[in-house]
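**Student:** Contents of my_file-v5.txt (compact mmCIF, C-alpha atoms) are given next:
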# COMPACT_ATOMS: atom_id res chain seq x y z
CA MET A 113 -10.63 17.04 -6.60
CA ILE A 114 -9.48 14.17 -8.82
CA PHE A 115 -12.26 14.92 -11.28
CA LEU A 116 -11.31 18.60 -11.57
CA ALA A 117 -7.60 17.84 -11.78
CA ALA A 118 -8.19 15.31 -14.55
CA GLN A 119 -9.99 17.94 -16.62
CA VAL A 120 -6.80 20.01 -16.69
CA LEU A 121 -4.86 17.20 -18.37
CA PRO A 122 -4.24 18.01 -22.03
CA GLY A 123 -5.85 16.00 -24.81
CA ASP A 124 -9.28 14.94 -26.00
CA VAL A 125 -10.75 11.71 -24.66
CA ALA A 126 -12.26 10.54 -27.93
CA ARG A 127 -9.15 11.54 -29.88
CA ARG A 128 -7.02 9.41 -27.57
CA VAL A 129 -9.36 6.45 -28.07
CA LEU A 130 -9.72 6.70 -31.85
CA GLY A 131 -6.18 7.84 -32.62
CA PRO A 132 -4.72 10.91 -34.33
CA PHE A 133 -5.97 10.01 -37.82
CA ALA A 134 -9.68 9.72 -37.01
CA ASP A 135 -11.95 12.32 -38.64
CA GLN A 136 -13.44 15.02 -36.46
CA ALA A 137 -17.00 13.79 -36.98
CA SER A 138 -16.13 10.40 -35.46
CA VAL A 139 -14.35 12.12 -32.57
CA ASP A 140 -17.34 14.34 -31.86
CA ALA A 141 -19.71 11.35 -32.05
CA LEU A 142 -17.64 9.37 -29.55
CA ASN A 143 -17.36 12.34 -27.18
CA HIS A 144 -21.13 12.65 -27.32
CA ARG A 145 -21.63 8.94 -26.64
CA LEU A 146 -19.18 9.03 -23.72
CA GLY A 147 -20.79 12.19 -22.39
CA THR A 148 -17.51 14.12 -22.27
CA ASP A 149 -19.02 17.00 -24.25
CA ARG A 150 -21.51 17.75 -21.48
CA PRO A 151 -20.93 20.38 -18.76
CA LEU A 152 -18.51 19.28 -16.06
CA ILE A 153 -21.09 19.51 -13.28
CA VAL A 154 -23.38 17.15 -15.20
CA GLN A 155 -20.56 14.67 -15.81
CA TYR A 156 -19.62 14.70 -12.13
CA TRP A 157 -23.21 14.33 -10.96
CA ASP A 158 -23.77 11.34 -13.23
CA TRP A 159 -20.69 9.65 -11.82
CA ILE A 160 -21.24 10.36 -8.12
CA SER A 161 -24.93 9.46 -8.28
CA GLY A 162 -23.98 6.16 -9.91
CA VAL A 163 -21.39 5.47 -7.21
CA LEU A 164 -24.01 5.96 -4.50
CA THR A 165 -26.10 3.25 -6.16
CA GLY A 166 -23.16 0.89 -6.72
CA ASP A 167 -22.62 1.74 -10.39
CA LEU A 168 -19.09 2.97 -11.12
CA GLY A 169 -19.92 3.68 -14.76
CA GLU A 170 -18.08 2.64 -17.91
CA SER A 171 -14.54 3.31 -19.01
CA THR A 172 -13.69 4.90 -22.34
CA LYS A 173 -13.00 1.39 -23.63
CA ASN A 174 -16.63 0.31 -23.26
CA ARG A 175 -15.99 -1.85 -20.21
CA PRO A 176 -17.61 -1.49 -16.80
CA VAL A 177 -15.25 0.30 -14.44
CA SER A 178 -15.79 -2.40 -11.82
CA GLU A 179 -14.40 -5.01 -14.22
CA VAL A 180 -11.45 -2.78 -15.16
CA LEU A 181 -10.47 -2.27 -11.51
CA LEU A 182 -11.22 -5.70 -10.03
CA ASP A 183 -8.22 -7.67 -11.31
CA PRO A 184 -5.66 -4.87 -10.68
CA LEU A 185 -7.05 -4.37 -7.18
CA VAL A 186 -6.66 -8.07 -6.40
CA ALA A 187 -3.16 -8.06 -7.92
CA SER A 188 -2.04 -5.11 -5.78
CA ALA A 189 -3.60 -6.76 -2.73
CA LYS A 190 -1.46 -9.87 -3.32
CA LEU A 191 1.72 -7.80 -3.60
CA ALA A 192 0.85 -5.72 -0.54
CA LEU A 193 -0.06 -8.80 1.49
CA LEU A 194 3.23 -10.54 0.72
CA ALA A 195 5.18 -7.39 1.60
CA PHE A 196 3.23 -7.07 4.86
CA ILE A 197 3.79 -10.71 5.79
CA ILE A 198 7.53 -10.18 5.42
CA VAL A 199 8.10 -6.67 6.76
CA VAL A 200 5.75 -6.47 9.76
CA PRO A 201 7.16 -9.35 11.86
CA LEU A 202 10.69 -8.63 10.66
CA ALA A 203 10.52 -4.92 11.52
CA ILE A 204 8.82 -5.49 14.87
CA ALA A 205 11.37 -8.14 15.84
CA GLY A 206 14.19 -5.85 14.75
CA GLY A 207 12.78 -2.91 16.69
CA VAL A 208 12.28 -4.93 19.86
CA PHE A 209 15.75 -6.46 19.58
CA ALA A 210 17.30 -3.02 19.09
CA ALA A 211 15.42 -1.62 22.11
CA MET A 212 16.62 -4.46 24.34
CA HIS A 213 20.20 -3.52 23.39
CA GLU A 214 19.67 0.22 23.50
CA GLY A 215 22.81 2.20 22.84
CA GLY A 216 24.83 -0.85 21.80
CA PHE A 217 26.28 -1.87 18.47
CA ARG A 218 23.28 -4.04 17.55
CA ASP A 219 20.91 -1.18 18.30
CA ARG A 220 22.86 1.23 16.10
CA LEU A 221 23.20 -1.37 13.35
CA ILE A 222 19.45 -1.97 13.13
CA SER A 223 18.47 1.68 13.58
CA VAL A 224 20.97 3.19 11.17
CA GLY A 225 20.67 0.34 8.68
CA GLY A 226 16.88 0.47 8.70
CA LEU A 227 16.72 4.24 8.27
CA SER A 228 19.32 4.10 5.51
CA ALA A 229 17.27 1.48 3.69
CA THR A 230 14.15 3.62 4.08
CA ALA A 231 15.94 6.68 2.71
CA ILE A 232 16.66 4.86 -0.56
CA PRO A 233 13.67 5.13 -2.96
CA GLU A 234 11.90 1.91 -3.87
CA PHE A 235 12.76 2.23 -7.57
CA VAL A 236 16.47 2.21 -6.67
CA TRP A 237 15.98 -1.01 -4.71
CA ALA A 238 14.06 -2.39 -7.69
CA VAL A 239 16.94 -1.71 -10.08
CA ILE A 240 19.50 -3.15 -7.64
CA PHE A 241 17.51 -6.32 -7.04
CA LEU A 242 16.82 -6.80 -10.74
CA LEU A 243 20.49 -6.40 -11.65
CA ILE A 244 21.71 -8.77 -8.92
CA PHE A 245 19.06 -11.43 -8.43
CA ALA A 246 17.24 -11.46 -11.79
CA LEU A 247 19.77 -10.52 -14.47
CA GLY A 248 22.96 -11.43 -12.59
CA LEU A 249 22.16 -14.63 -10.70
CA GLY A 250 18.99 -15.55 -12.57
CA LEU A 251 17.22 -16.58 -9.37
CA PHE A 252 14.04 -14.62 -10.06
CA PRO A 253 12.12 -13.48 -13.15
CA THR A 254 12.54 -9.89 -14.31
CA THR A 255 8.79 -9.32 -14.22
CA ALA A 256 6.26 -9.67 -11.42
CA GLN A 257 3.43 -10.60 -13.78
CA PHE A 258 3.02 -14.31 -13.22
CA PRO A 259 1.28 -16.50 -15.83
CA ASP A 260 -2.44 -17.15 -15.50
CA GLY A 261 -3.25 -20.22 -13.46
CA SER A 262 0.07 -20.14 -11.57
CA SER A 263 0.28 -21.92 -8.24
CA VAL A 264 0.70 -20.02 -5.00
CA PHE A 265 4.42 -20.77 -4.84
CA THR A 266 4.94 -19.62 -8.42
CA GLN A 267 3.12 -16.37 -7.68
CA ILE A 268 5.30 -15.83 -4.61
CA LYS A 269 8.42 -16.37 -6.71
CA TYR A 270 7.31 -13.68 -9.17
CA LEU A 271 6.23 -11.26 -6.43
CA LEU A 272 9.18 -11.72 -4.08
CA LEU A 273 11.55 -9.17 -5.65
CA PRO A 274 9.04 -6.28 -5.72
CA SER A 275 7.97 -7.25 -2.21
CA LEU A 276 11.57 -7.03 -0.99
CA CYS A 277 11.80 -3.53 -2.47
CA LEU A 278 8.83 -2.54 -0.31
CA VAL A 279 10.31 -4.33 2.71
CA CYS A 280 13.50 -2.28 2.42
CA THR A 281 11.46 0.91 2.13
CA LEU A 282 9.15 0.23 5.08
CA PHE A 283 11.44 -1.65 7.46
CA GLY A 284 13.19 1.33 9.03
CA TYR A 285 10.02 3.28 9.73
CA ILE A 286 8.14 0.41 11.36
CA ALA A 287 11.22 -0.82 13.26
CA ARG A 288 11.86 2.66 14.61
CA MET A 289 8.33 2.91 15.99
CA ALA A 290 8.57 -0.58 17.51
CA ARG A 291 11.92 0.33 19.09
CA ALA A 292 10.58 3.56 20.60
CA GLY A 293 7.50 1.83 21.98
CA THR A 294 9.56 -1.00 23.44
CA ILE A 295 11.98 1.38 25.17
CA GLU A 296 9.06 3.25 26.70
CA ALA A 297 7.46 0.00 27.85
CA LEU A 298 10.73 -1.28 29.34
CA GLU A 299 11.02 1.87 31.44
CA ALA A 300 7.41 1.75 32.64
CA ASP A 301 6.46 1.01 36.24
CA TYR A 302 4.50 -2.13 35.38
CA THR A 303 7.61 -3.64 33.76
CA ARG A 304 9.74 -2.88 36.83
CA THR A 305 7.06 -4.41 39.03
CA ALA A 306 7.00 -7.58 36.93
CA VAL A 307 10.80 -7.86 37.13
CA LEU A 308 10.76 -7.34 40.90
CA LYS A 309 8.20 -10.13 41.23
CA GLY A 310 10.79 -12.46 39.75
CA LEU A 311 9.02 -13.21 36.49
CA PRO A 312 11.23 -14.66 33.72
CA GLN A 313 12.49 -12.16 31.15
CA ARG A 314 10.60 -13.88 28.36
CA THR A 315 7.33 -13.62 30.29
CA VAL A 316 7.95 -9.96 31.02
CA ILE A 317 8.66 -9.21 27.38
CA VAL A 318 5.72 -11.16 25.94
CA ARG A 319 3.02 -10.34 28.49
CA HIS A 320 3.92 -6.81 29.53
CA VAL A 321 6.33 -5.15 27.12
CA LEU A 322 5.10 -6.26 23.70
CA ARG A 323 1.43 -5.73 24.47
CA ASN A 324 2.07 -2.06 25.21
CA SER A 325 5.00 -1.34 22.94
CA LEU A 326 3.16 -2.38 19.78
CA LEU A 327 0.33 0.13 20.24
CA PRO A 328 1.95 2.97 18.23
CA THR A 329 3.33 0.45 15.73
CA ILE A 330 -0.17 -0.74 14.83
CA ALA A 331 -1.15 2.76 13.73
CA VAL A 332 2.01 3.07 11.63
CA VAL A 333 1.40 -0.27 9.93
CA ALA A 334 -2.19 0.68 9.11
CA THR A 335 -1.16 3.94 7.45
CA GLN A 336 1.01 1.98 5.03
CA ALA A 337 -2.00 0.06 3.68
CA GLY A 338 -3.17 2.93 1.50
CA TYR A 339 0.35 3.44 0.20
CA LEU A 340 0.79 -0.23 -0.64
CA MET A 341 -2.56 -0.37 -2.42
CA GLY A 342 -2.35 2.84 -4.43
CA GLY A 343 1.19 4.17 -4.30
CA LEU A 344 3.07 1.37 -6.04
CA VAL A 345 3.08 2.93 -9.50
CA ILE A 346 6.87 2.93 -9.88
CA ILE A 347 7.28 -0.63 -8.62
CA GLU A 348 4.48 -1.89 -10.84
CA VAL A 349 5.92 -0.09 -13.87
CA ILE A 350 9.45 -1.42 -13.34
CA PHE A 351 8.26 -4.99 -12.79
CA ASN A 352 5.47 -4.72 -15.39
CA TYR A 353 2.88 -5.70 -12.82
CA GLN A 354 -0.76 -5.03 -13.66
CA GLY A 355 -1.79 -3.61 -10.31
CA ILE A 356 -4.09 -0.78 -9.28
CA GLY A 357 -1.29 1.79 -9.26
CA LEU A 358 -0.32 1.10 -12.87
CA THR A 359 -3.98 1.04 -13.87
CA LEU A 360 -4.57 4.49 -12.34
CA ALA A 361 -1.45 5.87 -14.02
CA ARG A 362 -2.67 4.64 -17.40
CA ALA A 363 -6.14 6.00 -16.75
CA ALA A 364 -4.64 9.42 -16.03
CA THR A 365 -2.55 9.47 -19.21
CA GLN A 366 -5.49 8.24 -21.31
CA LYS A 367 -7.97 10.61 -19.62
CA ASP A 368 -10.14 7.66 -18.61
CA ILE A 369 -11.82 9.75 -15.94
CA PRO A 370 -14.36 7.16 -14.65
CA VAL A 371 -11.58 4.61 -14.01
CA LEU A 372 -9.33 7.23 -12.41
CA GLN A 373 -12.02 8.57 -10.08
CA SER A 374 -13.35 5.19 -9.02
CA GLY A 375 -9.86 3.76 -8.54
CA VAL A 376 -8.83 6.60 -6.25
CA LEU A 377 -12.11 6.18 -4.37
CA LEU A 378 -11.45 2.45 -3.82
CA VAL A 379 -7.91 3.13 -2.61
CA GLY A 380 -9.29 5.70 -0.19
CA ILE A 381 -11.82 3.18 1.12
CA VAL A 382 -9.04 0.63 1.66
CA TYR A 383 -7.06 3.23 3.59
CA LEU A 384 -10.05 4.13 5.77
CA VAL A 385 -10.86 0.48 6.48
CA ALA A 386 -7.24 -0.22 7.45
CA THR A 387 -7.24 2.78 9.77
CA LEU A 388 -10.52 1.64 11.34
CA ILE A 389 -9.10 -1.84 11.94
CA ALA A 390 -6.03 -0.24 13.55
CA ASP A 391 -8.25 1.81 15.88
CA ILE A 392 -10.19 -1.31 16.88
CA LEU A 393 -6.99 -3.26 17.58
CA TYR A 394 -5.61 -0.31 19.53
CA SER A 395 -8.67 -0.25 21.78
CA VAL A 396 -8.53 -4.03 22.25
CA LEU A 397 -4.86 -3.97 23.27
CA ASN A 398 -5.15 -0.82 25.39
CA PRO A 399 -7.68 -1.17 28.23
CA ARG A 400 -7.34 2.55 29.06
CA VAL A 401 -8.94 3.43 25.72
CA ARG A 402 -11.90 1.14 26.40
CA LEU A 403 -12.34 2.54 29.91
CA GLY A 404 -12.15 6.10 28.60
CA ALA A 405 -14.74 5.37 25.95
CA ALA A 406 -17.02 3.74 28.54
CA GLU A 407 -16.76 6.75 30.81
Using C-alpha cells, write down the structure that the file contains.
**Tutor:**
Amino acid sequence: MIFLAAQVLPGDVARRVLGPFADQASVDALNHRLGTDRPLIVQYWDWISGVLTGDLGESTKNRPVSEVLLDPLVASAKLALLAFIIVVPLAIAGGVFAAMHEGGFRDRLISVGGLSATAIPEFVWAVIFLLIFALGLGLFPTTAQFPDGSSVFTQIKYLLLPSLCLVCTLFGYIARMARAGTIEALEADYTRTAVLKGLPQRTVIVRHVLRNSLLPTIAVVATQAGYLMGGLVIIEVIFNYQGIGLTLARAATQKDIPVLQSGVLLVGIVYLVATLIADILYSVLNPRVRLGAAE
C-alpha cells in the first residue's frame, strides 16, 4: 500500500536528486540506474524479494537503506524510551490514586486534567514548552538534537522537552485505563475477601488490586509503542530531531521509495513486537488466560 501510494506523489525521482537544471539525458540515465523507469510490479518485486533476504536496497542517495534508517531508528527509540519512563509510572500512579478517591475532588482533578492534556495536540504542547522553558526561562535548548558524543545526562536534557510533550499527550489515556481497571479490581470479590481477612490496605492494593487492574493498561501502553516510534513527525520537525518520523517524512517528499517502504516496515515490526510483549505479560499476570490456553 505504501509503495502504490508513493507512486501517486508528484515529481520525478531523478529530477529531485539532480535538481531542476539537470539535462533530460542525465535524468533519464539516473532513473535507469535507480530502476525507477521499470514497471511498478518489477520495482516492487525487487524490493520485497530483497527484504526477505535481509537486503533493504539502496536509497536514491546511493546509501544502503539500512544505514539511512539505523541512526534515526535509534534516535526515536531514545525519545520514546524517555517518554515511556516518565509517563507510564506517572499515569498508572495517577490512575490508581484517582480510583482510590473515586468521585472526589482529586479524582476529578486527575481525570479531567489528564483528558484535557490529551485533547491538546502535541505540537501545541511543543510550542508552549519552547516559549516558556527554552526561550523564556532558558532552562532547556530549543532543539532536541544533542551534539555527537554527548553524555547520557546531556542527551536527557535535550530530549526532556519533547518527551514532556508526549507525556502530556499520553497521560490522560493511560491514566484513564489504569483508573477504570483499579475501580473494577477494588469492587471485585477477591479484594473484599482480602479486606475481610484483615490484610493491611497497602498489601491489598499491591498484591490484589494492582496485579489485576493493570491488565488492560498493559495493552494500552503497548499500542503507543508504534505511535512513539513512527508517529512523531511533528515533534521531530519542531525540535529538529533526526528521528525515524522525520526521516520517513523526508523520504516521502523526496520520493525515496526504498527508504519510505523499509521505514514503515520497521515501524510496523516494532508495533507487532510491542503488542506481542504485551500479550505475553498479560498471560503472565492473568492466570485465567494461561489456564484457558492450557485447556
**Student:** One number please: atom CA of Leu327 of chain A to atom CA of Ile381 of chain A, in Å, one decimal.
**Tutor:**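 Going from atom CA of Leu327 of chain A over to atom CA of Ile381 of chain A covers 22.9 Å.
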**Student:** For Gln313 of chain A, which of A:Ile268, A:Met212, A:Ala189, A:Val345 is the closest residue, counting all atoms listed in the file?
**Tutor:**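 Closest candidate: A:Met212.
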**Student:** Excluding same-chain residues fewer than 3 positions from Leu194 of chain A, what lies within 9 Å of it counting only C-alpha atoms, as a ChimeraX atom specification?
**Tutor:** /A:189-191,197-199,268,271-272,275
**Student:** Could you build a table of the residues in segment 152-251 of chain A lying no more than 10 Å from segment 349-362 of chain A, giving for each the nearest pair of atoms and their separation in Å rounded to one decimal place, using only C-alpha atoms, ordered by chain and ascending residue number, as CSV?
**Tutor:**
residue,atom,partner,partner_atom,distance
A:Val180,CA,A:Thr359,CA,8.5
A:Leu181,CA,A:Ile356,CA,6.9
A:Leu182,CA,A:Ile356,CA,8.7
A:Asp183,CA,A:Gly355,CA,7.7
A:Pro184,CA,A:Gly355,CA,4.1
A:Leu185,CA,A:Ile356,CA,5.1
A:Val186,CA,A:Gly355,CA,7.7
A:Ala187,CA,A:Gly355,CA,5.2
A:Ser188,CA,A:Gly355,CA,4.8
A:Ala189,CA,A:Gly355,CA,8.4
A:Lys190,CA,A:Gly355,CA,9.4
A:Leu191,CA,A:Gly355,CA,8.7
A:Phe235,CA,A:Ile350,CA,7.6
A:Ala238,CA,A:Ile350,CA,7.4
A:Val239,CA,A:Ile350,CA,8.2
A:Leu242,CA,A:Phe351,CA,9.0
**Student:** Please determine, counting all atoms listed in the file, which residue among A:Pro176, A:Gly284, A:Pro328, A:Pro312 has the shortest atom-to-atom distance to Ile232 of chain A.
**Tutor:**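 Using all atoms listed in the file, the shortest distance to Ile232 of chain A belongs to A:Gly284.
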**Student:** Please measure the separation of atom CA of Phe209 of chain A and atom CA of Ala229 of chain A, giving the value in Å to one decimal.
**Tutor:**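 Spanning atom CA of Phe209 of chain A to atom CA of Ala229 of chain A is a straight-line distance of 17.8 Å.
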**Student:** For the interface of segment 149-238 of chain A with segment 288-311 of chain A (cut-off 6 Å, counting only C-alpha atoms), please tabulate each contacting residue of segment 149-238 of chain A alongside its nearest pair of atoms and their separation in Å to one decimal, rows sorted by chain and increasing number, as a tab-separated table.
**Tutor:**
residue	atom	partner	partner_atom	distance
A:Ile204	CA	A:Ala290	CA	5.6
A:Gly207	CA	A:Arg291	CA	4.1
A:Val208	CA	A:Arg291	CA	5.3
A:Ala211	CA	A:Arg291	CA	5.0
**Student:** Which is closer to Ile389 of chain A than all the others in A:Ile369, A:Thr335, A:His213, A:Glu348, using all atoms listed in the file?
**Tutor:**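 That would be A:Thr335, the residue with the smallest distance to Ile389 of chain A.
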**Student:** Using all atoms listed in the file, which of A:Leu168, A:Ala363, A:Ile346, A:Ala334 sits nearest Trp237 of chain A?
**Tutor:**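 The answer is A:Ile346, which sits nearest to Trp237 of chain A.
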**Student:** Around the point (8.5, -6.0, 7.2), in the coordinates given by the file, pick out the residues reaching within 9 Å, counting all atoms listed in the file, and return them as JSON, numbers by chain.
**Tutor:** {"A": [195, 196, 197, 198, 199, 200, 201, 202, 203, 204, 276, 278, 279, 280, 282, 283, 284, 286, 287]}
**Student:** Could you tell me how far atom CA of Ala192 of chain A sits from atom CA of Asp167 of chain A, in Å to one decimal place?
**Tutor:**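 Straight-line distance from atom CA of Asp167 of chain A to atom CA of Ala192 of chain A works out to 26.5 Å.
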**Student:** A:Leu384, A:Val371, A:Leu116, A:Leu152: which is nearest Gln336 of chain A, counting only C-alpha atoms?
**Tutor:** A:Leu384
**Student:** Which one of A:Ile347, A:Leu322, A:Thr254, A:Glu179 sits closest to Val236 of chain A if you count only C-alpha atoms?
**Tutor:**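 Checking each candidate against Val236 of chain A, we get A:Ile347 as the closest.
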**Student:** List as a ChimeraX atom specification the protein and nucleic acid residues near Phe115 of chain A, meaning an atom at most 10 Å away when all atoms listed in the file are counted, but skip any in the same chain fewer than 5 places from it.
**Tutor:** /A:120,152,155-156,159,369-370,372-373
